[in-house]
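K.L.:
Just passing along the structure, written as structure tokens.
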Amino acid sequence: MLKRFSKRVWDGRWGYVFIAPAMIPFAIFTAYPLVQGLLLSFYKAGVNRDKWKYIGLKNYTNLLTRDPVFPTAIKNTFLFVLGVVPAAMIICLFVAVLIYPLSQRKQTFFRAAFYMPVVSAGVVLAMVWVYIYSQEYGLLNYLFETLGLLELLNEGEKIGWLAQTNTALLSLAIVVLSWSLGQPLILFLAGLGAIPEPLYDAAKIDGASGWQAFWKITLPLLRPTMLFVLVVLTIAVFQVFVVVQLMTLGGPANATQTIVYRIWVTGIVGAKFGYGSAMAVILLSIVSLVALVQFKLLDRQLT
Amino acid sequence: MAETTLDYSRGLMPGDQVLRRRYLVGRWLRYLALAIIVALAIILLIPILWMILGSFKIQRVALAYPPELIPSNPVMDNWERLLIDRPSMRWLVNSFIVAGGIAIFGVLTSTCAGYAFGKKQFPGRTIFFWLILMTMMLPRQIYIIPLFVLMKSFGWFNSYQGMIAPYIVYPFGIFLMRQYMQSIPDELLEAGKMDGASEIQLFRHVVLPLSRPAIGAIAIFAFMAGWNDYLWQLVMATDELWLTLPVGVAKLTASGVGSIDIGVGMAGATFAFVPMLLIFLVFQNYFIKGITVGALKG
């Protein structure tokens, strides 16, 4: 038994040689920190290593019952996900289906336009949008004024998009949405291309309208792509950080605090390693749970 | 029915008298929908345009209301201050080294590991692959604190190795490369073995040349991930000279609300945007290939 196993290991030795360049750094810079983070979350740990002290679940209980900000951060993070992910999926599906029959060149234009915010990076977009959202001299208020919307919404007063609690989160979500469209669109277009043509011909012969063909053929066959997009997008939006750090610093009145922003403020800037790690573990649990549910969904759809 | 294959590359116009596919609704609704999409595309491009225009405005113009849509008196002051007064060239070099390093390491580790996971039999293969795949699904922020503590003990703040090291392994690249390797016929490798090639020779002279398209996609994506990464580089660089471009330009304006210098900020944002834009324009096809390969075959 053992002999046979060691023979298989020996026969596969080149496999180990080839995964080593990836697995060794993986162990040091990913696996070890993951385990360390889990352990740290049970400690009161600061800059001074000698003063690290085991405190059991206290970080967690404090986070969930006494922390004045963290529950809000969890809520806001979920609002981001629940707002941005469905919006991005619906917009991308709509756009993909409509531009799919267009010529290659027109498709390329749209693809590039929607992909541009992905290329330009969160930092760049966050900086521009701060300027656009500005209450005093922002482009958005100017557009709204020109279109008569300020009159309609705010009695002609300029809106402080990032300064008001009722608009700040939405304003940030729109920026995140703007860079969440590029990849799903490309994936949906590829998914549409993979649907066999004769299906549509048959539907046409049977007298199905374009709309019916969409519900009965396009949507069901696009489902694997949709679920892939759903999982990837959800995980990406859970990490929302740049917009918060560059545009609102979590304010006004904690209206835009998110989990990752709290991890950074508490764990890195505030050097509360244990407390911050507990936040990270909570984020890990949430993301795993959500991904698991989505995977179950994916499994059921595929079988 | 046989004549329904259409040459979409020629550009089929709405209204053509052929059996068309996948048009949802009638002609006018379709035009309306297209108009909405064009508007959406323009909305997505406006911020980028506004940024470029803003980089040529002096503070007084930038703060004007109603805003000057096209700066009537464009100035280069902001660019001068960005390029001469700030170590922005150093930031550019830092970004290229960090993103380039991440791309090179990402390609190396992904190709080797992807080859092993796709083509080799060895005990533990599935477990190792799932370990990697799982971290692809996890936000990096989850272990950023212990990683920060680790880097502290290494003394790697303000260094290239500190910014690159956590990205040496690129899980998406390994995943993509494994998919790609599985599409290479075994016969090709067998033939090489028959000719007496060693494992290393086989990898260098057969596997590497065959996987060139996947390598291109991985290099581009790893580079973009490295270039656009913000949080980790923000954590690692404390000295102004060690900032990367996104972190550096972000600090241009994040110096307290009220006194922000918009023109310089916009010039900085433009400066950080242009290199990635050029790369995107040149390698567009690799982007699309990379995004779709991973999803459709997975």
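For the structure tokens, the naming scheme is as follows: chains receive sequential letters (A, B, ...) according to their order of presentation, residues are indexed from 1 within each chain, and ligands are indexed from 1 in presentation order.
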Write out as JSON lines the residues of chain A that have any atom within 6 Å of an atom of chain B, one row each with the nearest atom pair and its distance in Å to one decimal, counting only C-alpha atoms, sorted by chain and then rising number.

P.N.:
{"residue": "A:Gly12", "atom": "CA", "partner": "B:Phe122", "partner_atom": "CA", "distance": 4.3}
{"residue": "A:Gly15", "atom": "CA", "partner": "B:Ala116", "partner_atom": "CA", "distance": 5.0}
{"residue": "A:Phe18", "atom": "CA", "partner": "B:Cys112", "partner_atom": "CA", "distance": 5.0}
{"residue": "A:Ile19", "atom": "CA", "partner": "B:Ala113", "partner_atom": "CA", "distance": 4.4}
{"residue": "A:Pro21", "atom": "CA", "partner": "B:Thr109", "partner_atom": "CA", "distance": 5.7}
{"residue": "A:Ala22", "atom": "CA", "partner": "B:Thr109", "partner_atom": "CA", "distance": 5.0}
{"residue": "A:Phe29", "atom": "CA", "partner": "B:Pro166", "partner_atom": "CA", "distance": 5.4}
{"residue": "A:Pro33", "atom": "CA", "partner": "B:Pro146", "partner_atom": "CA", "distance": 5.1}
{"residue": "A:Leu34", "atom": "CA", "partner": "B:Tyr143", "partner_atom": "CA", "distance": 5.4}
{"residue": "A:Gly37", "atom": "CA", "partner": "B:Pro146", "partner_atom": "CA", "distance": 5.4}
{"residue": "A:Ser103", "atom": "CA", "partner": "B:Gly11", "partner_atom": "CA", "distance": 3.9}
{"residue": "A:Gln104", "atom": "CA", "partner": "B:Ser9", "partner_atom": "CA", "distance": 5.4}
{"residue": "A:Ala113", "atom": "CA", "partner": "B:Ala41", "partner_atom": "CA", "distance": 5.6}
{"residue": "A:Ser120", "atom": "CA", "partner": "B:Phe273", "partner_atom": "CA", "distance": 5.3}
{"residue": "A:Ala121", "atom": "CA", "partner": "B:Asn228", "partner_atom": "CA", "distance": 5.3}
{"residue": "A:Val124", "atom": "CA", "partner": "B:Ala269", "partner_atom": "CA", "distance": 5.0}
{"residue": "A:Val128", "atom": "CA", "partner": "B:Met51", "partner_atom": "CA", "distance": 5.8}
{"residue": "A:Tyr137", "atom": "CA", "partner": "B:Tyr65", "partner_atom": "CA", "distance": 5.2}
{"residue": "A:Leu187", "atom": "CA", "partner": "B:Thr292", "partner_atom": "CA", "distance": 5.7}
{"residue": "A:Gly210", "atom": "CA", "partner": "B:Leu24", "partner_atom": "CA", "distance": 4.2}
{"residue": "A:Trp211", "atom": "CA", "partner": "B:Leu24", "partner_atom": "CA", "distance": 4.9}
{"residue": "A:Ala280", "atom": "CA", "partner": "B:Ile142", "partner_atom": "CA", "distance": 4.7}

K.L.:
Just to be explicit: take each residue in the selection above, keep C-alpha atoms, and write the result as a CSV table (one decimal), in the first residue's frame.

P.N.:
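As written to disk, part-v7.csv reads:
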chain,number,residue,atom,x,y,z
A,12,GLY,CA,4.6,12.0,-10.5
A,15,GLY,CA,4.4,17.3,-11.4
A,18,PHE,CA,6.4,22.1,-11.9
A,19,ILE,CA,3.9,23.2,-9.2
A,21,PRO,CA,7.3,27.6,-8.2
A,22,ALA,CA,3.7,28.3,-7.5
A,29,PHE,CA,2.3,34.6,1.1
A,33,PRO,CA,-1.2,34.6,6.4
A,34,LEU,CA,-4.7,33.0,6.1
A,37,GLY,CA,-5.2,35.8,10.4
A,103,SER,CA,-21.3,44.4,-37.2
A,104,GLN,CA,-18.0,43.5,-35.8
A,113,ALA,CA,-16.5,52.0,-24.4
A,120,SER,CA,-8.8,53.2,-16.1
A,121,ALA,CA,-8.6,51.7,-12.6
A,124,VAL,CA,-8.5,57.3,-11.5
A,128,VAL,CA,-12.7,62.2,-11.4
A,137,TYR,CA,-18.7,73.3,-9.0
A,187,LEU,CA,-18.6,37.3,-21.3
A,210,GLY,CA,-38.1,37.4,-31.1
A,211,TRP,CA,-39.2,38.1,-27.5
A,280,ALA,CA,-11.5,39.8,8.0

K.L.:
Might you pull out every residue within 10 Å of A:Ala96, with only C-alpha atoms counted and same-chain residues fewer than 2 positions away left off, and present them as JSON, numbers by chain?

P.N.:
{"A": [90, 91, 92, 93, 94, 98, 99, 100, 101, 107, 110, 111, 184, 185, 186, 187, 188, 189, 190, 191, 192], "B": [37]}

K.L.:
Please dump the current selection as an mmCIF file, in the first residue's frame; keep N, CA and C atoms.

P.N.:
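part_30.cif, freshly written:
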data_model
loop_
_atom_site.group_PDB
_atom_site.id
_atom_site.type_symbol
_atom_site.label_atom_id
_atom_site.label_comp_id
_atom_site.auth_asym_id
_atom_site.auth_seq_id
_atom_site.Cartn_x
_atom_site.Cartn_y
_atom_site.Cartn_z
ATOM 1 N N ILE A 90 -28.216 43.048 -15.307
ATOM 2 C CA ILE A 90 -29.329 43.384 -16.197
ATOM 3 C C ILE A 90 -28.860 44.292 -17.329
ATOM 4 N N ILE A 91 -28.067 45.318 -16.981
ATOM 5 C CA ILE A 91 -27.586 46.227 -18.020
ATOM 6 C C ILE A 91 -26.758 45.468 -19.053
ATOM 7 N N CYS A 92 -25.846 44.618 -18.575
ATOM 8 C CA CYS A 92 -24.962 43.911 -19.498
ATOM 9 C C CYS A 92 -25.735 42.953 -20.391
ATOM 10 N N LEU A 93 -26.714 42.292 -19.823
ATOM 11 C CA LEU A 93 -27.530 41.369 -20.620
ATOM 12 C C LEU A 93 -28.261 42.131 -21.721
ATOM 13 N N PHE A 94 -28.874 43.225 -21.319
ATOM 14 C CA PHE A 94 -29.602 44.092 -22.248
ATOM 15 C C PHE A 94 -28.674 44.557 -23.372
ATOM 16 N N LEU A 98 -28.549 43.298 -27.453
ATOM 17 C CA LEU A 98 -28.831 44.289 -28.488
ATOM 18 C C LEU A 98 -27.664 44.545 -29.425
ATOM 19 N N ILE A 99 -26.450 44.452 -28.922
ATOM 20 C CA ILE A 99 -25.346 44.745 -29.842
ATOM 21 C C ILE A 99 -24.830 43.484 -30.524
ATOM 22 N N TYR A 100 -25.284 42.313 -30.084
ATOM 23 C CA TYR A 100 -24.785 41.075 -30.685
ATOM 24 C C TYR A 100 -25.001 41.012 -32.198
ATOM 25 N N PRO A 101 -26.170 41.410 -32.713
ATOM 26 C CA PRO A 101 -26.355 41.305 -34.164
ATOM 27 C C PRO A 101 -25.633 42.391 -34.960
ATOM 28 N N GLN A 107 -19.630 46.495 -32.738
ATOM 29 C CA GLN A 107 -19.483 45.755 -31.487
ATOM 30 C C GLN A 107 -18.207 46.152 -30.768
ATOM 31 N N PHE A 110 -18.566 49.432 -28.868
ATOM 32 C CA PHE A 110 -19.301 49.335 -27.609
ATOM 33 C C PHE A 110 -18.492 48.590 -26.554
ATOM 34 N N ARG A 111 -17.866 47.494 -26.993
ATOM 35 C CA ARG A 111 -17.045 46.738 -26.058
ATOM 36 C C ARG A 111 -15.965 47.614 -25.449
ATOM 37 N N PRO A 184 -18.485 41.526 -17.636
ATOM 38 C CA PRO A 184 -19.704 40.759 -17.917
ATOM 39 C C PRO A 184 -20.167 40.911 -19.361
ATOM 40 N N LEU A 185 -20.024 42.105 -19.915
ATOM 41 C CA LEU A 185 -20.484 42.317 -21.286
ATOM 42 C C LEU A 185 -19.738 41.404 -22.249
ATOM 43 N N ILE A 186 -18.417 41.354 -22.102
ATOM 44 C CA ILE A 186 -17.619 40.506 -22.989
ATOM 45 C C ILE A 186 -18.008 39.040 -22.799
ATOM 46 N N LEU A 187 -18.233 38.657 -21.541
ATOM 47 C CA LEU A 187 -18.621 37.264 -21.273
ATOM 48 C C LEU A 187 -19.976 36.941 -21.885
ATOM 49 N N PHE A 188 -20.927 37.861 -21.756
ATOM 50 C CA PHE A 188 -22.251 37.611 -22.316
ATOM 51 C C PHE A 188 -22.195 37.521 -23.834
ATOM 52 N N LEU A 189 -21.401 38.386 -24.454
ATOM 53 C CA LEU A 189 -21.288 38.324 -25.918
ATOM 54 C C LEU A 189 -20.719 36.986 -26.354
ATOM 55 N N ALA A 190 -19.696 36.512 -25.613
ATOM 56 C CA ALA A 190 -19.127 35.207 -25.943
ATOM 57 C C ALA A 190 -20.163 34.109 -25.728
ATOM 58 N N GLY A 191 -20.947 34.241 -24.644
ATOM 59 C CA GLY A 191 -21.983 33.246 -24.363
ATOM 60 C C GLY A 191 -23.032 33.213 -25.464
ATOM 61 N N LEU A 192 -23.410 34.377 -25.948
ATOM 62 C CA LEU A 192 -24.388 34.436 -27.039
ATOM 63 C C LEU A 192 -23.846 33.765 -28.289
ATOM 64 N N ILE B 37 -28.318 52.623 -25.487
ATOM 65 C CA ILE B 37 -26.987 52.046 -25.290
ATOM 66 C C ILE B 37 -25.894 53.030 -25.679
#

K.L.:
Give the helix (DSSP H, G or I) residues of stretch 72-231 of chain B, as DSSP finds them on the backbone, and put them as a PyMOL selection string.

P.N.:
chain B and resi 77-85+88-119+125-137+140-154+160-167+171-182+186-194+199-210+212-228+231

K.L.:
Write a file of the selected residues as a CSV table (one decimal), in the first residue's frame, keeping C-alpha atoms.

P.N.:
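The resulting file, part_7.csv, is reproduced below:
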chain,number,residue,atom,x,y,z
B,77,ASP,CA,0.7,74.5,-15.3
B,78,ASN,CA,-0.8,71.4,-13.9
B,79,TRP,CA,1.3,69.1,-16.0
B,80,GLU,CA,4.4,71.1,-15.2
B,81,ARG,CA,3.7,70.9,-11.5
B,82,LEU,CA,3.0,67.2,-11.8
B,83,LEU,CA,6.0,66.2,-13.8
B,84,ILE,CA,8.6,68.6,-12.4
B,85,ASP,CA,7.6,69.3,-8.8
B,88,SER,CA,5.8,61.4,-10.8
B,89,MET,CA,8.4,59.9,-13.1
B,90,ARG,CA,9.7,57.8,-10.3
B,91,TRP,CA,6.1,56.7,-9.6
B,92,LEU,CA,5.7,55.7,-13.2
B,93,VAL,CA,8.9,53.7,-13.1
B,94,ASN,CA,7.8,52.1,-9.8
B,95,SER,CA,4.5,51.1,-11.3
B,96,PHE,CA,6.2,49.6,-14.4
B,97,ILE,CA,8.6,47.6,-12.2
B,98,VAL,CA,5.9,46.4,-9.9
B,99,ALA,CA,3.3,45.6,-12.6
B,100,GLY,CA,6.0,44.1,-14.9
B,101,GLY,CA,7.4,42.0,-12.1
B,102,ILE,CA,3.9,40.8,-11.2
B,103,ALA,CA,3.3,39.9,-14.9
B,104,ILE,CA,6.6,38.0,-15.3
B,105,PHE,CA,6.2,36.0,-12.1
B,106,GLY,CA,2.5,35.4,-12.8
B,107,VAL,CA,3.3,34.0,-16.3
B,108,LEU,CA,6.2,31.8,-14.9
B,109,THR,CA,4.3,30.3,-12.1
B,110,SER,CA,1.0,30.0,-14.0
B,111,THR,CA,2.6,28.2,-17.0
B,112,CYS,CA,4.6,25.7,-14.8
B,113,ALA,CA,1.7,25.0,-12.5
B,114,GLY,CA,-0.9,25.0,-15.2
B,115,TYR,CA,1.1,22.5,-17.2
B,116,ALA,CA,1.4,20.2,-14.2
B,117,PHE,CA,-2.2,20.5,-13.2
B,118,GLY,CA,-3.4,20.0,-16.8
B,119,LYS,CA,-1.0,17.3,-18.1
B,125,ARG,CA,-3.1,17.1,-7.7
B,126,THR,CA,-6.8,17.8,-7.1
B,127,ILE,CA,-6.2,19.1,-3.5
B,128,PHE,CA,-3.5,21.5,-4.6
B,129,PHE,CA,-5.5,22.8,-7.5
B,130,TRP,CA,-8.6,23.3,-5.3
B,131,LEU,CA,-6.5,25.2,-2.8
B,132,ILE,CA,-5.3,27.6,-5.5
B,133,LEU,CA,-8.8,27.9,-6.9
B,134,MET,CA,-10.3,28.7,-3.5
B,135,THR,CA,-8.0,31.7,-3.1
B,136,MET,CA,-9.0,32.9,-6.5
B,137,MET,CA,-12.5,33.2,-5.0
B,140,ARG,CA,-7.2,39.3,-0.8
B,141,GLN,CA,-8.2,41.8,1.9
B,142,ILE,CA,-9.0,38.9,4.1
B,143,TYR,CA,-5.4,38.2,4.9
B,144,ILE,CA,-4.0,41.7,4.4
B,145,ILE,CA,-3.4,42.2,8.1
B,146,PRO,CA,-1.3,39.1,8.7
B,147,LEU,CA,0.5,39.8,5.4
B,148,PHE,CA,1.2,43.3,6.7
B,149,VAL,CA,2.7,41.8,9.9
B,150,LEU,CA,4.7,39.3,7.9
B,151,MET,CA,6.2,42.1,5.7
B,152,LYS,CA,7.0,44.1,8.8
B,153,SER,CA,9.1,41.2,10.1
B,154,PHE,CA,10.8,40.9,6.7
B,160,TYR,CA,9.7,46.3,-4.9
B,161,GLN,CA,9.8,42.7,-3.5
B,162,GLY,CA,7.3,43.7,-0.8
B,163,MET,CA,4.8,44.9,-3.4
B,164,ILE,CA,5.4,42.0,-5.8
B,165,ALA,CA,5.7,39.0,-3.5
B,166,PRO,CA,2.0,38.5,-2.6
B,167,TYR,CA,1.2,38.5,-6.3
B,171,PRO,CA,-4.6,31.9,-9.2
B,172,PHE,CA,-6.6,33.1,-12.2
B,173,GLY,CA,-3.6,32.5,-14.4
B,174,ILE,CA,-3.1,29.0,-13.1
B,175,PHE,CA,-6.7,28.3,-13.7
B,176,LEU,CA,-6.7,29.7,-17.2
B,177,MET,CA,-3.4,27.9,-18.1
B,178,ARG,CA,-4.7,24.5,-16.8
B,179,GLN,CA,-7.8,24.9,-19.1
B,180,TYR,CA,-5.5,25.8,-22.0
B,181,MET,CA,-3.1,22.9,-21.4
B,182,GLN,CA,-6.0,20.4,-21.4
B,186,ASP,CA,-1.3,14.4,-25.6
B,187,GLU,CA,0.2,13.1,-28.8
B,188,LEU,CA,2.3,16.2,-29.2
B,189,LEU,CA,3.9,15.6,-25.8
B,190,GLU,CA,4.3,11.9,-26.4
B,191,ALA,CA,6.1,12.6,-29.7
B,192,GLY,CA,8.5,14.9,-27.9
B,193,LYS,CA,9.2,12.1,-25.3
B,194,MET,CA,9.8,9.6,-28.0
B,199,GLU,CA,11.1,17.0,-19.1
B,200,ILE,CA,12.7,20.5,-19.1
B,201,GLN,CA,13.4,20.4,-22.8
B,202,LEU,CA,9.8,19.2,-23.4
B,203,PHE,CA,8.5,22.1,-21.4
B,204,ARG,CA,10.7,24.7,-23.1
B,205,HIS,CA,10.5,23.6,-26.7
B,206,VAL,CA,7.0,22.1,-26.9
B,207,VAL,CA,4.8,23.3,-24.1
B,208,LEU,CA,5.9,27.0,-23.9
B,209,PRO,CA,5.6,27.7,-27.6
B,210,LEU,CA,2.2,26.1,-27.8
B,212,ARG,CA,1.8,31.5,-26.3
B,213,PRO,CA,-1.8,32.8,-26.6
B,214,ALA,CA,-2.6,31.9,-23.0
B,215,ILE,CA,0.7,33.5,-21.9
B,216,GLY,CA,-0.3,36.7,-23.6
B,217,ALA,CA,-3.6,36.9,-21.9
B,218,ILE,CA,-2.1,36.1,-18.5
B,219,ALA,CA,0.6,38.6,-18.9
B,220,ILE,CA,-1.8,41.3,-19.8
B,221,PHE,CA,-4.2,40.5,-16.9
B,222,ALA,CA,-1.5,40.2,-14.3
B,223,PHE,CA,0.0,43.5,-15.5
B,224,MET,CA,-3.3,45.2,-15.3
B,225,ALA,CA,-4.0,43.8,-11.8
B,226,GLY,CA,-0.6,45.0,-10.7
B,227,TRP,CA,-0.9,48.4,-12.3
B,228,ASN,CA,-4.4,49.1,-10.9
B,231,LEU,CA,-4.8,48.9,-1.3
